[in-house]
>>> print(open('structure-v6.cif').read())   # mmCIF, C-alpha atoms, pLDDT in the B column; chains and numbers go by the auth columns
data_upload
#
loop_
_atom_site.group_PDB
_atom_site.id
_atom_site.type_symbol
_atom_site.label_atom_id
_atom_site.label_comp_id
_atom_site.label_asym_id
_atom_site.label_seq_id
_atom_site.Cartn_x
_atom_site.Cartn_y
_atom_site.Cartn_z
_atom_site.B_iso_or_equiv
_atom_site.auth_seq_id
_atom_site.auth_asym_id
ATOM 1 C CA ASN A 1 64.921 161.714 80.424 78.00 26 A
ATOM 2 C CA GLY A 2 64.270 157.981 80.246 87.00 27 A
ATOM 3 C CA PRO A 3 63.022 156.035 77.244 93.00 28 A
ATOM 4 C CA CYS A 4 59.412 156.360 76.137 93.00 29 A
ATOM 5 C CA TYR A 5 57.007 153.593 75.134 92.00 30 A
ATOM 6 C CA GLN A 6 57.927 154.070 71.447 94.00 31 A
ATOM 7 C CA CYS A 7 61.618 153.530 72.306 94.00 32 A
ATOM 8 C CA VAL A 8 60.841 150.173 73.880 93.00 33 A
ATOM 9 C CA PHE A 9 58.226 149.017 71.354 92.00 34 A
ATOM 10 C CA PRO A 10 58.983 150.738 68.020 92.00 35 A
ATOM 11 C CA GLN A 11 56.514 148.568 66.086 91.00 36 A
ATOM 12 C CA ALA A 12 53.249 146.860 66.917 87.00 37 A
ATOM 13 C CA PRO A 13 53.427 143.053 66.906 86.00 38 A
ATOM 14 C CA SER A 14 52.304 141.264 63.766 88.00 39 A
ATOM 15 C CA ALA A 15 48.632 140.357 63.611 85.00 40 A
ATOM 16 C CA GLY A 16 47.929 137.228 65.640 83.00 41 A
ATOM 17 C CA LEU A 17 51.359 137.195 67.323 89.00 42 A
ATOM 18 C CA ALA A 18 50.218 138.659 70.647 86.00 43 A
ATOM 19 C CA PRO A 19 46.569 138.060 71.611 87.00 44 A
ATOM 20 C CA SER A 20 44.652 140.935 73.180 86.00 45 A
ATOM 21 C CA CYS A 21 43.450 140.793 76.769 85.00 46 A
ATOM 22 C CA ALA A 22 39.925 140.237 75.419 87.00 47 A
ATOM 23 C CA GLU A 23 41.133 137.164 73.525 88.00 48 A
ATOM 24 C CA ALA A 24 43.557 135.685 76.073 88.00 49 A
ATOM 25 C CA GLY A 25 41.916 136.896 79.269 88.00 50 A
ATOM 26 C CA VAL A 26 43.341 138.585 82.359 87.00 51 A
ATOM 27 C CA ILE A 27 43.527 137.304 85.923 88.00 52 A
ATOM 28 C CA GLY A 28 40.983 139.540 87.687 89.00 53 A
ATOM 29 C CA PRO A 29 43.154 141.202 90.358 92.00 54 A
ATOM 30 C CA LEU A 30 46.159 141.707 88.057 91.00 55 A
ATOM 31 C CA PRO A 31 45.173 145.166 86.703 92.00 56 A
ATOM 32 C CA GLY A 32 44.764 146.378 90.295 95.00 57 A
ATOM 33 C CA VAL A 33 48.175 145.037 91.308 94.00 58 A
ATOM 34 C CA ILE A 34 49.898 146.665 88.322 95.00 59 A
ATOM 35 C CA GLY A 35 47.943 149.893 88.839 96.00 60 A
ATOM 36 C CA THR A 36 49.078 149.993 92.462 97.00 61 A
ATOM 37 C CA MET A 37 52.709 149.510 91.397 96.00 62 A
ATOM 38 C CA MET A 38 52.341 152.347 88.881 96.00 63 A
ATOM 39 C CA ALA A 39 50.825 154.620 91.545 98.00 64 A
ATOM 40 C CA VAL A 40 53.785 153.939 93.853 97.00 65 A
ATOM 41 C CA GLU A 41 56.187 154.870 91.030 96.00 66 A
ATOM 42 C CA ALA A 42 54.308 158.130 90.450 97.00 67 A
ATOM 43 C CA ILE A 43 54.444 158.976 94.170 98.00 68 A
ATOM 44 C CA LYS A 44 58.193 158.256 94.246 97.00 69 A
ATOM 45 C CA ILE A 45 58.766 160.636 91.327 95.00 70 A
ATOM 46 C CA ILE A 46 56.542 163.386 92.786 97.00 71 A
ATOM 47 C CA THR A 47 58.053 163.203 96.264 98.00 72 A
ATOM 48 C CA GLY A 48 61.630 162.395 95.298 97.00 73 A
ATOM 49 C CA ALA A 49 61.564 159.369 97.606 97.00 74 A
ATOM 50 C CA GLY A 50 63.304 156.091 96.891 96.00 75 A
ATOM 51 C CA ALA A 51 64.613 155.039 93.493 95.00 76 A
ATOM 52 C CA PRO A 52 62.045 155.280 90.685 94.00 77 A
ATOM 53 C CA LEU A 53 62.208 152.850 87.770 93.00 78 A
ATOM 54 C CA ARG A 54 63.618 155.397 85.306 91.00 79 A
ATOM 55 C CA GLY A 55 65.255 153.603 82.414 92.00 80 A
ATOM 56 C CA GLU A 56 64.122 150.230 83.749 95.00 81 A
ATOM 57 C CA MET A 57 61.161 147.947 83.204 94.00 82 A
ATOM 58 C CA LEU A 58 59.766 145.863 86.035 96.00 83 A
ATOM 59 C CA ILE A 59 58.379 142.559 84.808 95.00 84 A
ATOM 60 C CA TYR A 60 55.855 140.955 87.144 95.00 85 A
ATOM 61 C CA ASP A 61 54.933 137.302 86.717 93.00 86 A
ATOM 62 C CA ALA A 62 51.780 136.839 88.772 91.00 87 A
ATOM 63 C CA LEU A 63 51.531 133.105 88.094 90.00 88 A
ATOM 64 C CA TRP A 64 54.905 132.412 89.724 94.00 89 A
ATOM 65 C CA GLY A 65 55.047 135.405 92.089 93.00 90 A
ATOM 66 C CA GLU A 66 58.311 136.655 90.609 97.00 91 A
ATOM 67 C CA THR A 67 59.619 140.021 89.464 96.00 92 A
ATOM 68 C CA ARG A 68 62.679 141.080 87.521 97.00 93 A
ATOM 69 C CA LYS A 69 64.021 144.333 86.156 97.00 94 A
ATOM 70 C CA ILE A 70 65.631 145.013 82.809 96.00 95 A
ATOM 71 C CA ALA A 71 67.491 148.147 81.771 96.00 96 A
ATOM 72 C CA LEU A 72 66.113 150.169 78.864 95.00 97 A
ATOM 73 C CA LYS A 73 67.839 152.721 76.663 93.00 98 A
ATOM 74 C CA LYS A 74 66.448 155.784 74.966 92.00 99 A
ATOM 75 C CA ARG A 75 66.683 155.531 71.156 92.00 100 A
ATOM 76 C CA SER A 76 68.218 158.553 69.445 91.00 101 A
ATOM 77 C CA ASP A 77 66.076 157.850 66.338 92.00 102 A
ATOM 78 C CA CYS A 78 62.810 157.622 68.299 93.00 103 A
ATOM 79 C CA PRO A 79 60.117 159.716 66.567 93.00 104 A
ATOM 80 C CA VAL A 80 58.540 160.621 69.927 93.00 105 A
ATOM 81 C CA CYS A 81 61.449 161.563 72.199 91.00 106 A
ATOM 82 C CA GLY A 82 64.608 161.162 70.100 88.00 107 A
ATOM 83 C CA GLU A 83 66.993 163.877 68.995 83.00 108 A
ATOM 84 C CA THR A 84 64.873 164.731 65.937 76.00 109 A
ATOM 85 C CA ALA A 85 61.520 164.752 67.774 63.00 110 A
#
>>> encode(input="structure-v6.cif", output="structure tokens")
Amino acid sequence: NGPCYQCVFPQAPSAGLAPSCAEAGVIGPLPGVIGTMMAVEAIKIITGAGAPLRGEMLIYDALWGETRKIALKKRSDCPVCGETA
């Protein structure tokens, strides 16, 4: 019942505003770290253990070793999961 990707990012960024990973590069281990975090979230949801990040986004800054969470809301006008979907 949480927000979907379309709720959080209703429009793609303008061309040239956000470079792709191919253009900007990615620190090698970062996809593995994020993938591991996503796997833990899936296990928490499947098993009912802990507090999954429903309605929240975890932001991980690998360069500074910091994380923060922000609350997200479901959009009623979302074409994917909103009231009219």
>>> resolve_selection(input="structure-v6.cif", expression="the PyMOL selection byres ((chain A and resi 96) around 10)", output="PyMOL selection string")
chain A and resi 78-83+94-95+97-98
>>> atom_distance(input="structure-v6.cif", atom1="atom CA of A:Gly73", atom2="atom CA of A:Cys32")
24.6 Å
>>> atom_distance(input="structure-v6.cif", atom1="atom CA of A:Ser39", atom2="atom CA of A:Cys103")
20.0 Å
>>> atom_distance(input="structure-v6.cif", atom1="atom CA of A:Met62", atom2="atom CA of A:Val105")
24.9 Å
>>> closest_residue(input="structure-v6.cif", among="A:Thr92, A:Gln36, A:Asn26, A:Thr61", to="A:Glu108", atoms="all atoms listed in the file")
A:Asn26
>>> residues_near_point(input="structure-v6.cif", point="(46.6, 141.8, 85.6)", cutoff="12 Å", atoms="all atoms listed in the file", output="ChimeraX atom specification")
/A:46,49-62,84-88
>>> write_last_selection(input="structure-v6.cif", atoms="C-alpha atoms", output="tab-separated table (two decimals), in the coordinates of the input")
chain	number	residue	atom	x	y	z
A	46	CYS	CA	43.45	140.79	76.77
A	49	ALA	CA	43.56	135.68	76.07
A	50	GLY	CA	41.92	136.90	79.27
A	51	VAL	CA	43.34	138.58	82.36
A	52	ILE	CA	43.53	137.30	85.92
A	53	GLY	CA	40.98	139.54	87.69
A	54	PRO	CA	43.15	141.20	90.36
A	55	LEU	CA	46.16	141.71	88.06
A	56	PRO	CA	45.17	145.17	86.70
A	57	GLY	CA	44.76	146.38	90.30
A	58	VAL	CA	48.18	145.04	91.31
A	59	ILE	CA	49.90	146.66	88.32
A	60	GLY	CA	47.94	149.89	88.84
A	61	THR	CA	49.08	149.99	92.46
A	62	MET	CA	52.71	149.51	91.40
A	84	ILE	CA	58.38	142.56	84.81
A	85	TYR	CA	55.86	140.96	87.14
A	86	ASP	CA	54.93	137.30	86.72
A	87	ALA	CA	51.78	136.84	88.77
A	88	LEU	CA	51.53	133.10	88.09
>>> resolve_selection(input="structure-v6.cif", expression="the PyMOL selection byres ((chain A and resi 35) around 12)", output="PyMOL selection string")
chain A and resi 28-34+36-38+99-100+102-106
>>> write_last_selection(input="structure-v6.cif", atoms="C-alpha atoms", output="PDB file, keeping the file's coordinate frame")
ATOM      1  CA  PRO A  28      63.022 156.035  77.244  1.00 93.00           C
ATOM      2  CA  CYS A  29      59.412 156.360  76.137  1.00 93.00           C
ATOM      3  CA  TYR A  30      57.007 153.593  75.134  1.00 92.00           C
ATOM      4  CA  GLN A  31      57.927 154.070  71.447  1.00 94.00           C
ATOM      5  CA  CYS A  32      61.618 153.530  72.306  1.00 94.00           C
ATOM      6  CA  VAL A  33      60.841 150.173  73.880  1.00 93.00           C
ATOM      7  CA  PHE A  34      58.226 149.017  71.354  1.00 92.00           C
ATOM      8  CA  GLN A  36      56.514 148.568  66.086  1.00 91.00           C
ATOM      9  CA  ALA A  37      53.249 146.860  66.917  1.00 87.00           C
ATOM     10  CA  PRO A  38      53.427 143.053  66.906  1.00 86.00           C
ATOM     11  CA  LYS A  99      66.448 155.784  74.966  1.00 92.00           C
ATOM     12  CA  ARG A 100      66.683 155.531  71.156  1.00 92.00           C
ATOM     13  CA  ASP A 102      66.076 157.850  66.338  1.00 92.00           C
ATOM     14  CA  CYS A 103      62.810 157.622  68.299  1.00 93.00           C
ATOM     15  CA  PRO A 104      60.117 159.716  66.567  1.00 93.00           C
ATOM     16  CA  VAL A 105      58.540 160.621  69.927  1.00 93.00           C
ATOM     17  CA  CYS A 106      61.449 161.563  72.199  1.00 91.00           C
TER      18      CYS A 106
END
>>> axis_aligned_box(input="structure-v6.cif", around="stretch 74-81 of chain A", padding_each_side="4 Å", output="lines of an AutoDock Vina configuration file")
center_x = 63.4
center_y = 154.8
center_z = 90.0
size_x = 11.7
size_y = 17.1
size_z = 23.2
